[in-house]
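Novice: First the structure, then my questions, so here it is.
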Amino acid sequence: MGDLRMEDFIRNVPDFPKEGIQFKDITPLLGNPDALETAVKALSEPFRDAGIDAVVAIEARGFLLGAPVAMDLGIGLVPVRKAGKLPWHTYGVDYALEYGSATLEMHQDALKEGSRALIVDDVLATSGTMQATVELVEKCGGTVVGIAVLIELAFLKGRDKLTDYDLRSLIVY
Ligand code: AMP
């Protein structure tokens with residue numbers, strides 16, 4: 001496992017879901033136990049002693065990484081979902097995507113006042129999704145202690161809009 005390179009398990013799919021997008025497919029990484037374990041541990045590690053109360057994971061691929069990160073840190077998971085999916089009372093925030101726009105929602109009682117949150121997702125692109133999630137955490141009374149993503153598309157400069165936060169990415173393109 002020592003010389004495993006996580007980037008070897010990311011498949012680049014040109015023109016998906018539409019022309020001009022270089023889609024970063026994480027299914028090879030999810031399908032390999034060593035790569036998956038390496039990724040989960042590397043996402044958790046910087047925040048292991050940061051007193052995190054909850055992992056906030058973003059639909060849908062963020063769930064796949066967020067849940068094992070939460071288990072690794074010994075804490076629970078809060079899902080952030082597309083509009084209309086969560087059954088209880090929600091807060092909502094509109095956001096812009098690299099491709100399209102949408103609304104993200106979180107249960108109003110998902111975090112206790114002052115909860116220290118780590119947000120997890122697969123890819124940081126323009127960061128519209130991440131900014132909306134930060135806003136949701138703060139609306140619910142939480143504090144964003146960190147942001148952990150598997151992949152950062154640095155050429156889109158999403159990081160520049162998140163300078164107030166401790167953002168860690170494992171693979172940078
Ligand atoms: P953004 O809001 O532009 O930062 O987009 C981030 C969200 O869209 C993440 O939840 C990703 O899953 C997804 N996403 C955006 N661009 C890509 C890409 N090139 N490859 C894979 N997923 C992407």
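Chain labels follow the order of the structure tokens: the first chain is A, the next B, and so on; residue numbering restarts at 1 in every chain, and ligands are counted from 1 in their shown order.
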I want to know what sits within 7 Å of Asn12 (chain A), based on only C-alpha atoms, with residues of the same chain fewer than 5 positions away left out; could you give that as a list in words?
Specialist: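 Within the cut-off, the hits are Gln22, Phe23, Lys24 and Asp25 of chain A.
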Novice: For the residues in the current selection, export N, CA, C and O atoms as an mmCIF file, in the first residue's frame.
Specialist:
data_model
loop_
_atom_site.group_PDB
_atom_site.id
_atom_site.type_symbol
_atom_site.label_atom_id
_atom_site.label_comp_id
_atom_site.auth_asym_id
_atom_site.auth_seq_id
_atom_site.Cartn_x
_atom_site.Cartn_y
_atom_site.Cartn_z
ATOM 1 N N GLN A 22 -14.144 17.533 -18.426
ATOM 2 C CA GLN A 22 -13.268 16.372 -18.198
ATOM 3 C C GLN A 22 -13.735 15.757 -16.889
ATOM 4 O O GLN A 22 -13.353 16.214 -15.809
ATOM 5 N N PHE A 23 -14.568 14.752 -16.974
ATOM 6 C CA PHE A 23 -15.166 14.170 -15.772
ATOM 7 C C PHE A 23 -14.170 13.277 -15.052
ATOM 8 O O PHE A 23 -13.568 12.385 -15.660
ATOM 9 N N LYS A 24 -14.007 13.511 -13.757
ATOM 10 C CA LYS A 24 -13.091 12.695 -12.947
ATOM 11 C C LYS A 24 -13.901 11.573 -12.307
ATOM 12 O O LYS A 24 -14.640 11.800 -11.338
ATOM 13 N N ASP A 25 -13.748 10.385 -12.860
ATOM 14 C CA ASP A 25 -14.511 9.209 -12.419
ATOM 15 C C ASP A 25 -13.750 8.512 -11.297
ATOM 16 O O ASP A 25 -12.642 8.005 -11.504
#
Novice: Report as a tab-separated table the residues of region 79-109 of chain A within 8 Å of region 53-71 of chain A, each with its shortest atom pair and distance in Å (one decimal), using only C-alpha atoms, ordered by chain and increasing residue number.
Specialist:
residue	atom	partner	partner_atom	distance
A:Pro79	CA	A:Ala57	CA	5.2
A:Val80	CA	A:Ile58	CA	4.9
A:Arg81	CA	A:Glu59	CA	5.2
A:Lys82	CA	A:Glu59	CA	7.0
Novice: Those same residues, written as a CSV table (one decimal), in the first residue's frame with N, CA, C and O atoms?
Specialist:
chain,number,residue,atom,x,y,z
A,79,PRO,N,-26.0,14.4,5.9
A,79,PRO,CA,-26.1,14.5,4.4
A,79,PRO,C,-26.6,15.9,3.9
A,79,PRO,O,-27.5,16.4,4.5
A,80,VAL,N,-25.9,16.4,2.9
A,80,VAL,CA,-26.4,17.6,2.2
A,80,VAL,C,-26.9,17.1,0.9
A,80,VAL,O,-26.2,16.4,0.1
A,81,ARG,N,-28.2,17.4,0.5
A,81,ARG,CA,-28.8,16.8,-0.6
A,81,ARG,C,-29.4,17.8,-1.6
A,81,ARG,O,-29.7,18.9,-1.2
A,82,LYS,N,-29.7,17.4,-2.8
A,82,LYS,CA,-30.4,18.2,-3.8
A,82,LYS,C,-31.8,18.4,-3.3
A,82,LYS,O,-32.4,17.7,-2.5
Novice: Excluding region 156-161 of chain A and residues on its chain fewer than 5 positions from it, collect all residues at most 7 Å away from it, counting only C-alpha atoms, and give them as JSON, numbers by chain.
Specialist: {"A": [124, 125, 126, 127]}
Novice: Grab the residues selected above and save them as a compact mmCIF listing (two decimals), in the first residue's frame with N, CA, C and O atoms.
Specialist:
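After the write, part22.txt holds the following:
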# COMPACT_ATOMS: atom_id res chain seq x y z
N LEU A 124 -13.64 19.20 -6.00
CA LEU A 124 -13.84 20.65 -5.90
C LEU A 124 -13.55 21.22 -7.28
O LEU A 124 -12.43 21.13 -7.77
N ALA A 125 -14.58 21.80 -7.91
CA ALA A 125 -14.40 22.39 -9.25
C ALA A 125 -14.47 23.91 -9.10
O ALA A 125 -13.51 24.51 -8.61
N THR A 126 -15.60 24.52 -9.46
CA THR A 126 -15.70 25.99 -9.32
C THR A 126 -15.86 26.40 -7.85
O THR A 126 -15.69 27.56 -7.52
N SER A 127 -16.28 25.44 -7.02
CA SER A 127 -16.53 25.58 -5.57
C SER A 127 -17.90 26.14 -5.23
O SER A 127 -18.19 26.39 -4.05
Novice: Can you work out which one of A:Leu150, A:Ile119, A:Ile75, A:Ile26 has the shortest atom-to-atom distance to Arg11 (chain A), counting only C-alpha atoms?
Specialist: A:Ile26
Novice: When DSSP is applied to the backbone of this structure, which of region 26-135 of chain A are assigned alpha helix (DSSP H)? Write them out as a short mmCIF file (atom, residue, chain, number, x, y, z; two decimals) with all heavy atoms, in the first residue's frame.
Specialist:
data_model
loop_
_atom_site.label_atom_id
_atom_site.label_comp_id
_atom_site.auth_asym_id
_atom_site.auth_seq_id
_atom_site.Cartn_x
_atom_site.Cartn_y
_atom_site.Cartn_z
N THR A 27 -14.82 5.83 -9.64
CA THR A 27 -15.25 4.44 -9.41
C THR A 27 -14.08 3.45 -9.38
O THR A 27 -14.15 2.48 -8.61
CB THR A 27 -16.35 3.97 -10.39
OG1 THR A 27 -15.85 4.02 -11.73
CG2 THR A 27 -17.60 4.82 -10.27
N PRO A 28 -13.00 3.63 -10.14
CA PRO A 28 -11.86 2.71 -9.99
C PRO A 28 -11.27 2.77 -8.57
O PRO A 28 -10.90 1.73 -8.00
CB PRO A 28 -10.86 3.18 -11.04
CG PRO A 28 -11.70 3.88 -12.07
CD PRO A 28 -12.79 4.55 -11.28
N LEU A 29 -11.20 3.96 -8.00
CA LEU A 29 -10.69 4.10 -6.63
C LEU A 29 -11.64 3.44 -5.62
O LEU A 29 -11.21 2.71 -4.73
CB LEU A 29 -10.49 5.59 -6.30
CG LEU A 29 -9.95 5.89 -4.90
CD1 LEU A 29 -8.90 6.99 -4.95
CD2 LEU A 29 -11.06 6.29 -3.93
N LEU A 30 -12.96 3.67 -5.80
CA LEU A 30 -13.93 3.06 -4.89
C LEU A 30 -13.87 1.54 -4.96
O LEU A 30 -14.11 0.84 -3.98
CB LEU A 30 -15.35 3.52 -5.24
CG LEU A 30 -15.65 5.00 -5.04
CD1 LEU A 30 -17.03 5.33 -5.62
CD2 LEU A 30 -15.58 5.41 -3.58
N PRO A 33 -9.83 -1.90 -2.79
CA PRO A 33 -9.81 -1.74 -1.32
C PRO A 33 -8.62 -0.95 -0.80
O PRO A 33 -8.78 -0.15 0.13
CB PRO A 33 -9.81 -3.18 -0.80
CG PRO A 33 -9.51 -4.06 -1.96
CD PRO A 33 -9.86 -3.31 -3.20
N ASP A 34 -7.43 -1.14 -1.39
CA ASP A 34 -6.25 -0.40 -0.91
C ASP A 34 -6.36 1.08 -1.24
O ASP A 34 -6.02 1.94 -0.42
CB ASP A 34 -4.97 -0.98 -1.52
CG ASP A 34 -4.66 -2.38 -1.00
OD1 ASP A 34 -5.20 -2.73 0.07
OD2 ASP A 34 -3.91 -3.10 -1.67
N ALA A 35 -6.82 1.38 -2.45
CA ALA A 35 -6.95 2.78 -2.86
C ALA A 35 -8.03 3.47 -2.03
O ALA A 35 -7.86 4.62 -1.58
CB ALA A 35 -7.29 2.87 -4.35
N LEU A 36 -9.13 2.77 -1.79
CA LEU A 36 -10.22 3.36 -0.99
C LEU A 36 -9.75 3.62 0.44
O LEU A 36 -9.98 4.72 0.98
CB LEU A 36 -11.42 2.41 -1.01
CG LEU A 36 -12.65 2.87 -0.21
CD1 LEU A 36 -13.17 4.21 -0.72
CD2 LEU A 36 -13.76 1.82 -0.29
N GLU A 37 -9.06 2.67 1.03
CA GLU A 37 -8.59 2.85 2.40
C GLU A 37 -7.57 3.98 2.48
O GLU A 37 -7.61 4.81 3.40
CB GLU A 37 -7.97 1.54 2.93
CG GLU A 37 -7.62 1.65 4.41
CD GLU A 37 -6.98 0.40 4.97
OE1 GLU A 37 -6.94 -0.64 4.27
OE2 GLU A 37 -6.49 0.47 6.11
N THR A 38 -6.66 4.02 1.50
CA THR A 38 -5.65 5.09 1.47
C THR A 38 -6.34 6.46 1.38
O THR A 38 -5.97 7.40 2.10
CB THR A 38 -4.72 4.91 0.26
OG1 THR A 38 -4.07 3.65 0.38
CG2 THR A 38 -3.66 6.00 0.19
N ALA A 39 -7.34 6.56 0.52
CA ALA A 39 -8.04 7.85 0.33
C ALA A 39 -8.77 8.25 1.60
O ALA A 39 -8.67 9.41 2.05
CB ALA A 39 -9.01 7.74 -0.85
N VAL A 40 -9.50 7.32 2.20
CA VAL A 40 -10.29 7.65 3.40
C VAL A 40 -9.36 8.09 4.54
O VAL A 40 -9.60 9.12 5.19
CB VAL A 40 -11.15 6.42 3.82
CG1 VAL A 40 -11.75 6.62 5.21
CG2 VAL A 40 -12.26 6.19 2.79
N LYS A 41 -8.27 7.36 4.73
CA LYS A 41 -7.33 7.71 5.81
C LYS A 41 -6.70 9.08 5.54
O LYS A 41 -6.52 9.87 6.46
CB LYS A 41 -6.23 6.64 5.92
CG LYS A 41 -6.74 5.30 6.41
CD LYS A 41 -6.31 5.09 7.87
CE LYS A 41 -7.09 3.96 8.56
NZ LYS A 41 -6.80 2.63 8.03
N ALA A 42 -6.35 9.33 4.29
CA ALA A 42 -5.71 10.61 3.96
C ALA A 42 -6.67 11.79 4.10
O ALA A 42 -6.26 12.90 4.44
CB ALA A 42 -5.15 10.55 2.53
N LEU A 43 -7.95 11.54 3.85
CA LEU A 43 -8.95 12.61 4.04
C LEU A 43 -9.13 12.91 5.53
O LEU A 43 -9.26 14.08 5.92
CB LEU A 43 -10.30 12.20 3.41
CG LEU A 43 -10.35 12.20 1.88
CD1 LEU A 43 -11.60 11.46 1.38
CD2 LEU A 43 -10.30 13.61 1.29
N SER A 44 -9.15 11.87 6.35
CA SER A 44 -9.38 12.05 7.80
C SER A 44 -8.18 12.63 8.52
O SER A 44 -8.33 13.44 9.45
CB SER A 44 -9.64 10.71 8.50
OG SER A 44 -10.51 9.90 7.81
N ARG A 61 -21.59 11.63 -4.58
CA ARG A 61 -20.31 10.94 -4.41
C ARG A 61 -19.63 11.32 -3.10
O ARG A 61 -18.83 10.55 -2.57
CB ARG A 61 -19.40 11.17 -5.63
CG ARG A 61 -19.90 10.44 -6.87
CD ARG A 61 -19.03 10.70 -8.08
NE ARG A 61 -18.99 12.09 -8.47
CZ ARG A 61 -19.89 12.68 -9.26
NH1 ARG A 61 -20.90 12.00 -9.74
NH2 ARG A 61 -19.78 13.95 -9.56
N GLY A 62 -19.98 12.49 -2.55
CA GLY A 62 -19.45 12.86 -1.25
C GLY A 62 -19.88 11.89 -0.16
O GLY A 62 -19.16 11.67 0.81
N PHE A 63 -21.08 11.28 -0.33
CA PHE A 63 -21.55 10.30 0.66
C PHE A 63 -20.61 9.09 0.72
O PHE A 63 -20.39 8.51 1.77
CB PHE A 63 -22.95 9.77 0.30
CG PHE A 63 -24.05 10.80 0.33
CD1 PHE A 63 -25.29 10.50 -0.22
CD2 PHE A 63 -23.88 12.04 0.90
CE1 PHE A 63 -26.32 11.41 -0.20
CE2 PHE A 63 -24.90 12.98 0.93
CZ PHE A 63 -26.14 12.66 0.37
N LEU A 64 -20.12 8.71 -0.46
CA LEU A 64 -19.32 7.47 -0.56
C LEU A 64 -17.99 7.61 0.17
O LEU A 64 -17.42 6.62 0.63
CB LEU A 64 -19.07 7.13 -2.03
CG LEU A 64 -20.34 6.94 -2.87
CD1 LEU A 64 -19.99 6.83 -4.35
CD2 LEU A 64 -21.10 5.71 -2.40
N LEU A 65 -17.48 8.84 0.25
CA LEU A 65 -16.23 9.09 0.96
C LEU A 65 -16.51 9.61 2.37
O LEU A 65 -15.78 9.30 3.31
CB LEU A 65 -15.39 10.11 0.18
CG LEU A 65 -14.93 9.62 -1.20
CD1 LEU A 65 -14.37 10.78 -2.02
CD2 LEU A 65 -13.90 8.50 -1.08
N GLY A 66 -17.57 10.38 2.52
CA GLY A 66 -17.88 10.99 3.82
C GLY A 66 -18.22 9.96 4.88
O GLY A 66 -17.80 10.09 6.03
N ALA A 67 -18.98 8.93 4.50
CA ALA A 67 -19.40 7.93 5.50
C ALA A 67 -18.19 7.19 6.09
O ALA A 67 -18.06 7.12 7.31
CB ALA A 67 -20.42 6.97 4.92
N PRO A 68 -17.27 6.66 5.27
CA PRO A 68 -16.11 6.01 5.89
C PRO A 68 -15.19 7.00 6.62
O PRO A 68 -14.56 6.61 7.61
CB PRO A 68 -15.39 5.34 4.70
CG PRO A 68 -15.95 5.93 3.47
CD PRO A 68 -17.32 6.42 3.82
N VAL A 69 -15.11 8.24 6.19
CA VAL A 69 -14.31 9.24 6.92
C VAL A 69 -14.93 9.45 8.31
O VAL A 69 -14.22 9.48 9.32
CB VAL A 69 -14.21 10.58 6.15
CG1 VAL A 69 -13.69 11.70 7.04
CG2 VAL A 69 -13.32 10.42 4.92
N ALA A 70 -16.26 9.56 8.37
CA ALA A 70 -16.95 9.74 9.67
C ALA A 70 -16.66 8.55 10.58
O ALA A 70 -16.34 8.73 11.76
CB ALA A 70 -18.45 9.91 9.45
N MET A 71 -16.75 7.34 10.03
CA MET A 71 -16.47 6.14 10.85
C MET A 71 -15.03 6.14 11.32
O MET A 71 -14.74 5.81 12.48
CB MET A 71 -16.74 4.87 10.04
CG MET A 71 -18.21 4.61 9.86
SD MET A 71 -18.50 3.00 9.12
CE MET A 71 -18.05 1.92 10.47
N ASP A 72 -14.11 6.54 10.43
CA ASP A 72 -12.68 6.58 10.78
C ASP A 72 -12.43 7.58 11.91
O ASP A 72 -11.55 7.36 12.75
CB ASP A 72 -11.88 6.94 9.52
CG ASP A 72 -10.39 6.78 9.71
OD1 ASP A 72 -9.99 5.80 10.37
OD2 ASP A 72 -9.63 7.63 9.22
N LEU A 73 -13.20 8.67 11.93
CA LEU A 73 -13.01 9.69 12.97
C LEU A 73 -13.88 9.39 14.20
O LEU A 73 -13.82 10.13 15.19
CB LEU A 73 -13.35 11.08 12.41
CG LEU A 73 -12.42 11.63 11.32
CD1 LEU A 73 -12.94 12.95 10.76
CD2 LEU A 73 -10.99 11.81 11.85
N GLY A 128 -18.79 26.30 -6.21
CA GLY A 128 -20.16 26.74 -5.93
C GLY A 128 -20.87 25.79 -4.97
O GLY A 128 -21.54 26.23 -4.03
N THR A 129 -20.68 24.49 -5.19
CA THR A 129 -21.30 23.47 -4.34
C THR A 129 -20.75 23.59 -2.92
O THR A 129 -21.51 23.53 -1.95
CB THR A 129 -20.97 22.06 -4.90
OG1 THR A 129 -21.34 22.02 -6.27
CG2 THR A 129 -21.68 20.98 -4.13
N MET A 130 -19.46 23.76 -2.80
CA MET A 130 -18.82 23.83 -1.49
C MET A 130 -19.23 25.11 -0.75
O MET A 130 -19.50 25.07 0.46
CB MET A 130 -17.30 23.75 -1.66
CG MET A 130 -16.56 23.48 -0.39
SD MET A 130 -17.13 21.99 0.48
CE MET A 130 -16.42 20.69 -0.51
N GLN A 131 -19.28 26.23 -1.49
CA GLN A 131 -19.70 27.48 -0.83
C GLN A 131 -21.12 27.37 -0.30
O GLN A 131 -21.43 27.85 0.79
CB GLN A 131 -19.61 28.63 -1.83
CG GLN A 131 -18.19 29.03 -2.20
CD GLN A 131 -18.21 30.11 -3.27
OE1 GLN A 131 -18.62 31.23 -3.02
NE2 GLN A 131 -17.80 29.76 -4.47
N ALA A 132 -22.01 26.71 -1.07
CA ALA A 132 -23.40 26.54 -0.62
C ALA A 132 -23.44 25.65 0.62
O ALA A 132 -24.22 25.91 1.55
CB ALA A 132 -24.23 25.91 -1.74
N THR A 133 -22.59 24.64 0.66
CA THR A 133 -22.56 23.72 1.81
C THR A 133 -22.03 24.43 3.05
O THR A 133 -22.56 24.26 4.15
CB THR A 133 -21.72 22.47 1.46
OG1 THR A 133 -22.29 21.87 0.30
CG2 THR A 133 -21.71 21.48 2.60
N VAL A 134 -21.01 25.26 2.87
CA VAL A 134 -20.49 26.07 3.99
C VAL A 134 -21.62 26.94 4.55
O VAL A 134 -21.84 27.02 5.77
CB VAL A 134 -19.31 26.95 3.51
CG1 VAL A 134 -19.01 28.04 4.53
CG2 VAL A 134 -18.07 26.10 3.24
N GLU A 135 -22.38 27.56 3.63
CA GLU A 135 -23.49 28.43 4.05
C GLU A 135 -24.54 27.63 4.84
O GLU A 135 -25.07 28.12 5.84
CB GLU A 135 -24.11 29.04 2.79
CG GLU A 135 -24.72 30.41 3.01
CD GLU A 135 -25.27 30.99 1.71
OE1 GLU A 135 -24.57 30.92 0.66
OE2 GLU A 135 -26.40 31.50 1.74
#
Novice: So which residues of region 18-147 of chain A fall under strand (DSSP E) by DSSP, listed as a ChimeraX atom specification?
Specialist: /A:22-25,54-58,76-82,90-96,101-107,116-124,143-147
Novice: Would you output that residue set with C-alpha atoms, as a tab-separated table (two decimals), in the first residue's frame?
Specialist:
chain	number	residue	atom	x	y	z
A	22	GLN	CA	-13.27	16.37	-18.20
A	23	PHE	CA	-15.17	14.17	-15.77
A	24	LYS	CA	-13.09	12.69	-12.95
A	25	ASP	CA	-14.51	9.21	-12.42
A	54	ALA	CA	-19.72	15.73	12.44
A	55	VAL	CA	-18.82	15.01	8.85
A	56	VAL	CA	-21.05	16.89	6.40
A	57	ALA	CA	-21.10	15.01	3.09
A	58	ILE	CA	-22.39	16.29	-0.25
A	76	GLY	CA	-21.62	10.80	12.69
A	77	LEU	CA	-22.56	11.93	9.19
A	78	VAL	CA	-24.86	14.73	8.02
A	79	PRO	CA	-26.09	14.50	4.41
A	80	VAL	CA	-26.41	17.59	2.19
A	81	ARG	CA	-28.83	16.75	-0.63
A	82	LYS	CA	-30.39	18.18	-3.77
A	90	THR	CA	-34.68	21.91	5.73
A	91	TYR	CA	-32.63	24.99	5.00
A	92	GLY	CA	-31.84	25.52	1.32
A	93	VAL	CA	-29.14	27.41	-0.60
A	94	ASP	CA	-29.03	27.99	-4.37
A	95	TYR	CA	-25.68	27.41	-6.07
A	96	ALA	CA	-23.98	27.34	-9.46
A	101	SER	CA	-27.32	25.19	-11.28
A	102	ALA	CA	-29.37	23.74	-8.41
A	103	THR	CA	-30.39	23.99	-4.74
A	104	LEU	CA	-28.78	22.13	-1.86
A	105	GLU	CA	-30.59	21.35	1.39
A	106	MET	CA	-29.73	20.22	4.89
A	107	HIS	CA	-31.98	19.26	7.82
A	116	ARG	CA	-17.53	21.57	14.55
A	117	ALA	CA	-17.97	20.24	11.02
A	118	LEU	CA	-15.69	18.67	8.43
A	119	ILE	CA	-17.17	18.90	4.90
A	120	VAL	CA	-16.28	16.04	2.54
A	121	ASP	CA	-16.80	15.77	-1.23
A	122	ASP	CA	-15.18	13.99	-4.18
A	123	VAL	CA	-14.32	16.92	-6.48
A	124	LEU	CA	-13.84	20.65	-5.90
A	143	THR	CA	-18.61	25.93	12.40
A	144	VAL	CA	-16.67	24.71	9.36
A	145	VAL	CA	-13.38	23.48	10.82
A	146	GLY	CA	-12.19	21.89	7.59
A	147	ILE	CA	-12.96	20.88	4.04
Novice: For the atom pair atom 4 (O, counted along the ligand's line) of ligand 1 and CA of Leu153 (chain A), what is the interatomic distance in Å to one decimal place?
Specialist: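 So the two atoms, atom 4 (O, counted along the ligand's line) of ligand 1 and CA of Leu153 (chain A), lie 8.4 Å apart.
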Novice: Which residue out of A:Leu86, A:Ile21, A:Ile10, A:Ala148 has the minimum interatomic distance to ligand 1 when only C-alpha atoms and all ligand atoms are used?
Specialist: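 Of A:Leu86, A:Ile21, A:Ile10, A:Ala148, the one nearest ligand 1 is A:Ile21, counting only C-alpha atoms and all ligand atoms.
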Novice: Return the single residue from A:Lys18, A:Lys112, A:Lys85, A:Arg5 that is closest to ligand 1, with distances computed using only C-alpha atoms and all ligand atoms.
Specialist: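 Using only C-alpha atoms and all ligand atoms, ligand 1 sits closest to A:Lys18.
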Novice: Quick one: distance from CA of Leu97 (chain A) to atom 19 (N, counted along the ligand's line) of ligand 1 in Å, one decimal?
Specialist: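 Straight-line distance from CA of Leu97 (chain A) to atom 19 (N, counted along the ligand's line) of ligand 1 works out to 10.3 Å.
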Novice: Just to confirm, what's the straight-line distance from CA of Gly51 (chain A) to CA of Gly141 (chain A) in Å (one decimal)?
Specialist: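 Separation between CA of Gly51 (chain A) and CA of Gly141 (chain A): 16.3 Å.
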Novice: Which is closer to ligand 1 than all the others in A:Leu4, A:Ala110, A:Ile171, A:Val149, using only C-alpha atoms and all ligand atoms?
Specialist: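 Closest candidate: A:Val149.
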Novice: Which residue out of A:Ile151, A:Ala50, A:Leu167, A:Val137 has the minimum interatomic distance to ligand 1 when only C-alpha atoms and all ligand atoms are used?
Specialist: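 Selected residue with least distance to ligand 1: A:Ile151.
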